[in-house]
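Asker: What follows is a structure written as C-alpha cells; I'll ask about it next.
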Amino acid sequence: GPVGCGKTTLLQLLARQYAFGKGQLSYGGVPIQNMPLAMLRHHVTLMPQHSFLFSTSLLNNLRYGRPETPRSDVEVISNMAQLSPDVAMMNEGYQTMVGERGVTLSGGQRQRSALVRSLLMAPRILLLDDPFSSVDAQTETLIVAGLKARHQAGNLTTIVATQRFHWVRQADMVVFMNGHGTIEATGTHEALMKQHAAYRNLVNEAEACDDSQPDASGKVVVS
C-alpha cells in the first residue's frame, strides 16, 4: 500500500505491541488477544524499520534475545543474512564494539544485524517492516533466497511490509491496503495486477521510480 496507509501499524498489531479496538487478528483461528503474551512473543518476532543496537560487541547484539546461542549458530545465520563478509573485514570480528545505536556500522550492516538477531529468536512467524531499505539489490536477493530456503523447510512464515514490488511478484499472498488504512484486496501479484486498478497503478508508479530491481533470475520471494 501507499506510504502512511498503516502497514507498519498492522505488523505492530500482529506482534501485539499495543491493543486494538475494532476487528480481529488471529493465528490459526485463535484471536491474538486470547493468546498468552509470552506464547505469542515466543513464536512471533518483529524486525522494525529501525532496530536498536547497544554499545557492546556485535556478538552480544546479535544474540541479545537469546544470549545462550552457540557461536556456531550465530555464524550460520550471519552467513544466510550476508553479514559474514562484513564481519570478516572487522578488526575484532564478532567481538567488535558497535557503539550506541550501532554508530560504527553502516545502515545496511545494522539492518542485516537486526535480521540475524530476529532469526536467532527461531520464530515461526517473522514480521519484517521495510527491512532492507539500506541494502543493495544484489545482497537483498541473496538474503531473500536464504529466507525462501527456510520457508521451504517448513519452519518459517515471513510477512513483509514493503513498497519494493520485486519482493511481491512471487509471494504466496499479497495484502493491498488503501490510503485509509483498510485492507482493500488480497491475492497473488498476478491476480491483483489483472483485477485491481489501484494496485496496478501503485505498482507501475513504484517501478517507474525503482532503478535497482534485480533481473528476472534474481527475483525474490515473500511468503
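Residue names in the C-alpha cells use chain letters A, B, ... in the order shown, residue numbers from 1 in each chain, and ligand numbers from 1 in the order shown.
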Just want the 10 Å neighbourhood of Leu40 (chain A), counted on only C-alpha atoms, with same-chain residues fewer than 6 positions away dropped. Output as a tab-separated table (two decimals) with all heavy atoms, in the first residue's frame.

Answerer:
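Writing done, so here's around-v1.tsv:
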chain	number	residue	atom	x	y	z
A	14	LEU	N	0.01	-7.24	14.84
A	14	LEU	CA	0.24	-8.68	14.76
A	14	LEU	C	1.22	-9.14	15.84
A	14	LEU	O	1.14	-10.28	16.31
A	14	LEU	CB	0.77	-9.05	13.38
A	14	LEU	CG	-0.25	-9.04	12.24
A	14	LEU	CD1	0.45	-9.13	10.88
A	14	LEU	CD2	-1.25	-10.18	12.39
A	15	ALA	N	2.13	-8.26	16.21
A	15	ALA	CA	3.08	-8.58	17.29
A	15	ALA	C	2.52	-8.21	18.65
A	15	ALA	O	3.18	-8.39	19.67
A	15	ALA	CB	4.39	-7.84	17.05
A	16	ARG	N	1.31	-7.68	18.67
A	16	ARG	CA	0.61	-7.23	19.88
A	16	ARG	C	1.46	-6.25	20.68
A	16	ARG	O	1.58	-6.34	21.90
A	16	ARG	CB	0.19	-8.42	20.74
A	16	ARG	CG	-1.21	-8.23	21.35
A	16	ARG	CD	-1.70	-9.48	22.02
A	16	ARG	NE	-1.58	-9.41	23.46
A	16	ARG	CZ	-1.85	-10.42	24.30
A	16	ARG	NH1	-2.24	-11.59	23.82
A	16	ARG	NH2	-1.72	-10.29	25.60
A	27	TYR	N	-4.13	-16.07	14.80
A	27	TYR	CA	-3.18	-17.04	14.28
A	27	TYR	C	-3.82	-18.41	14.43
A	27	TYR	O	-4.21	-18.80	15.53
A	27	TYR	CB	-1.86	-16.99	15.05
A	27	TYR	CG	-1.05	-15.74	14.83
A	27	TYR	CD1	-0.83	-14.83	15.86
A	27	TYR	CD2	-0.48	-15.47	13.59
A	27	TYR	CE1	-0.08	-13.68	15.65
A	27	TYR	CE2	0.27	-14.33	13.38
A	27	TYR	CZ	0.47	-13.44	14.41
A	27	TYR	OH	1.21	-12.31	14.20
A	32	ILE	N	-5.51	-13.20	18.69
A	32	ILE	CA	-4.23	-12.98	19.37
A	32	ILE	C	-4.43	-12.42	20.78
A	32	ILE	O	-3.60	-12.65	21.65
A	32	ILE	CB	-3.29	-12.08	18.56
A	32	ILE	CG1	-3.88	-10.68	18.36
A	32	ILE	CG2	-2.97	-12.70	17.22
A	32	ILE	CD1	-2.90	-9.72	17.72
A	33	GLN	N	-5.54	-11.72	21.01
A	33	GLN	CA	-5.76	-11.19	22.36
A	33	GLN	C	-6.09	-12.30	23.35
A	33	GLN	O	-6.04	-12.08	24.57
A	33	GLN	CB	-6.85	-10.12	22.36
A	33	GLN	CG	-8.21	-10.58	21.88
A	33	GLN	CD	-8.42	-10.31	20.41
A	33	GLN	OE1	-7.49	-10.45	19.62
A	33	GLN	NE2	-9.63	-9.89	20.05
A	34	ASN	N	-6.42	-13.51	22.84
A	34	ASN	CA	-6.70	-14.64	23.72
A	34	ASN	C	-5.47	-15.51	23.96
A	34	ASN	O	-5.53	-16.48	24.72
A	34	ASN	CB	-7.81	-15.51	23.13
A	34	ASN	CG	-9.14	-14.79	23.06
A	34	ASN	OD1	-9.35	-13.78	23.75
A	34	ASN	ND2	-10.06	-15.28	22.25
A	123	PRO	N	11.78	-17.75	15.31
A	123	PRO	CA	10.33	-17.56	15.25
A	123	PRO	C	9.69	-18.49	14.24
A	123	PRO	O	10.33	-18.95	13.29
A	123	PRO	CB	10.21	-16.10	14.81
A	123	PRO	CG	11.42	-15.89	13.94
A	123	PRO	CD	12.52	-16.69	14.61
A	125	ILE	N	6.86	-17.18	12.91
A	125	ILE	CA	6.37	-16.10	12.07
A	125	ILE	C	7.32	-14.92	12.23
A	125	ILE	O	7.53	-14.42	13.33
A	125	ILE	CB	4.93	-15.70	12.45
A	125	ILE	CG1	3.99	-16.90	12.26
A	125	ILE	CG2	4.46	-14.51	11.60
A	125	ILE	CD1	2.58	-16.64	12.76

Asker: Would you mind listing what lies within 9 Å of Leu11 (chain A) as a ChimeraX atom specification, with only C-alpha atoms counted and same-chain residues fewer than 6 positions away left out?

Answerer: /A:17,46,48,127-129,159-161

Asker: Taking C-alpha atoms for each residue, export the selection above as a PDB file, in the first residue's frame.

Answerer:
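Generated output (out-v4.pdb):
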ATOM      1  CA  GLN A  17       2.783  -4.266  20.660  1.00  0.00           C
ATOM      2  CA  LEU A  46       9.029  -8.314  14.604  1.00  0.00           C
ATOM      3  CA  PRO A  48      11.145  -2.932  12.871  1.00  0.00           C
ATOM      4  CA  LEU A 127       7.427  -9.836  10.618  1.00  0.00           C
ATOM      5  CA  LEU A 128       9.683  -7.568   8.550  1.00  0.00           C
ATOM      6  CA  ASP A 129       8.915  -3.869   8.323  1.00  0.00           C
ATOM      7  CA  ILE A 159       5.273 -11.324   6.408  1.00  0.00           C
ATOM      8  CA  VAL A 160       6.821  -8.232   4.851  1.00  0.00           C
ATOM      9  CA  ALA A 161       5.589  -4.640   4.750  1.00  0.00           C
TER      10      ALA A 161
END

Asker: How would you write, as a VMD selection string, the set of residues in region 18-205 of chain A that DSSP gives as alpha helix (DSSP H)?

Answerer: chain A and resid 37 to 43 58 to 62 71 to 80 84 to 89 107 to 120 137 to 152 189 to 195 197 to 205

Asker: Need the shell around region 111-122 of chain A: protein/DNA/RNA residues with any atom at most 6 Å away, counting only C-alpha atoms. Skip same-chain ones fewer than 4 positions apart. Format as a list in words?

Answerer: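 Listing them by chain and then by number gives Leu62, Arg63, Ile77 and Ser78 of chain A.
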
Asker: List the spatial neighbours of His50 (chain A) as a list in words - criterion: any atom at most 10 Å away, only C-alpha atoms, same-chain residues fewer than 3 positions off excluded.

Answerer: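 Selected residues are Met47, Leu53, Arg101, Gly107, Arg110, Gln111, Ala114, Asp129, Asp130 and Pro131 of chain A.
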
Asker: So which bits of region 2-223 of chain A end up strand (DSSP E or B) when you DSSP the backbone, as a list in words?

Answerer: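 So, restricting region 2-223 of chain A to strand (DSSP E or B), we get Ser26, Tyr27, Val30, Pro31, Val44, Thr45, Leu46, Met47, Ser57, Met97, Ile125, Leu126, Leu127, Leu128, Asp129, Thr157, Thr158, Ile159, Val160, Ala161, Val174, Val175, Phe176, Met177, Ile183, Glu184, Ala185, Thr186 and Gly187 of chain A.
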
Asker: Select, from A:His43, A:Arg169, A:Arg164, A:Arg66, the residue with the minimum atom-to-atom distance to Gly1 (chain A), counting only C-alpha atoms.

Answerer: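 So, comparing all the options, the nearest one is A:Arg164.
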
Asker: From the list A:Glu190, A:Ala197, A:Thr158, A:Ile143, which residue is nearest Asn79 (chain A) when using only C-alpha atoms?

Answerer: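 Using only C-alpha atoms, Asn79 (chain A) sits closest to A:Ile143.
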
Asker: So how many Å separate CA of Leu105 (chain A) and CA of Ser84 (chain A), to one decimal?

Answerer: 13.6 Å

Asker: Looking at A:Leu58, A:Ala153, A:Leu147, A:Leu10, which one is nearest to Leu126 (chain A), with distances taken over only C-alpha atoms?

Answerer: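 The answer is A:Leu147, which sits nearest to Leu126 (chain A).
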
Asker: Please provide as a list in words all residues within 12 Å of Met90 (chain A), with the sequence filter that same-chain residues fewer than 6 positions apart are discarded (counting only C-alpha atoms).

Answerer: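 Surrounding residues, per the criterion: Ser57, Leu58, Leu83, Ser84, Thr96, Met97, Val98, Thr104, Leu105 and Gln109 of chain A.
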
Asker: In Å to one decimal, how far is CA of Leu156 (chain A) from CA of Arg124 (chain A)?

Answerer: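 Taking CA of Arg124 (chain A) as the start and CA of Leu156 (chain A) as the end point, the length is 4.8 Å.
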
Asker: Have a look at A:Val74, A:Thr162, A:Lys148, A:Leu202 and name the one nearest to Asn178 (chain A); count only C-alpha atoms.

Answerer: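 Distance minimum relative to Asn178 (chain A) lands on A:Leu202.
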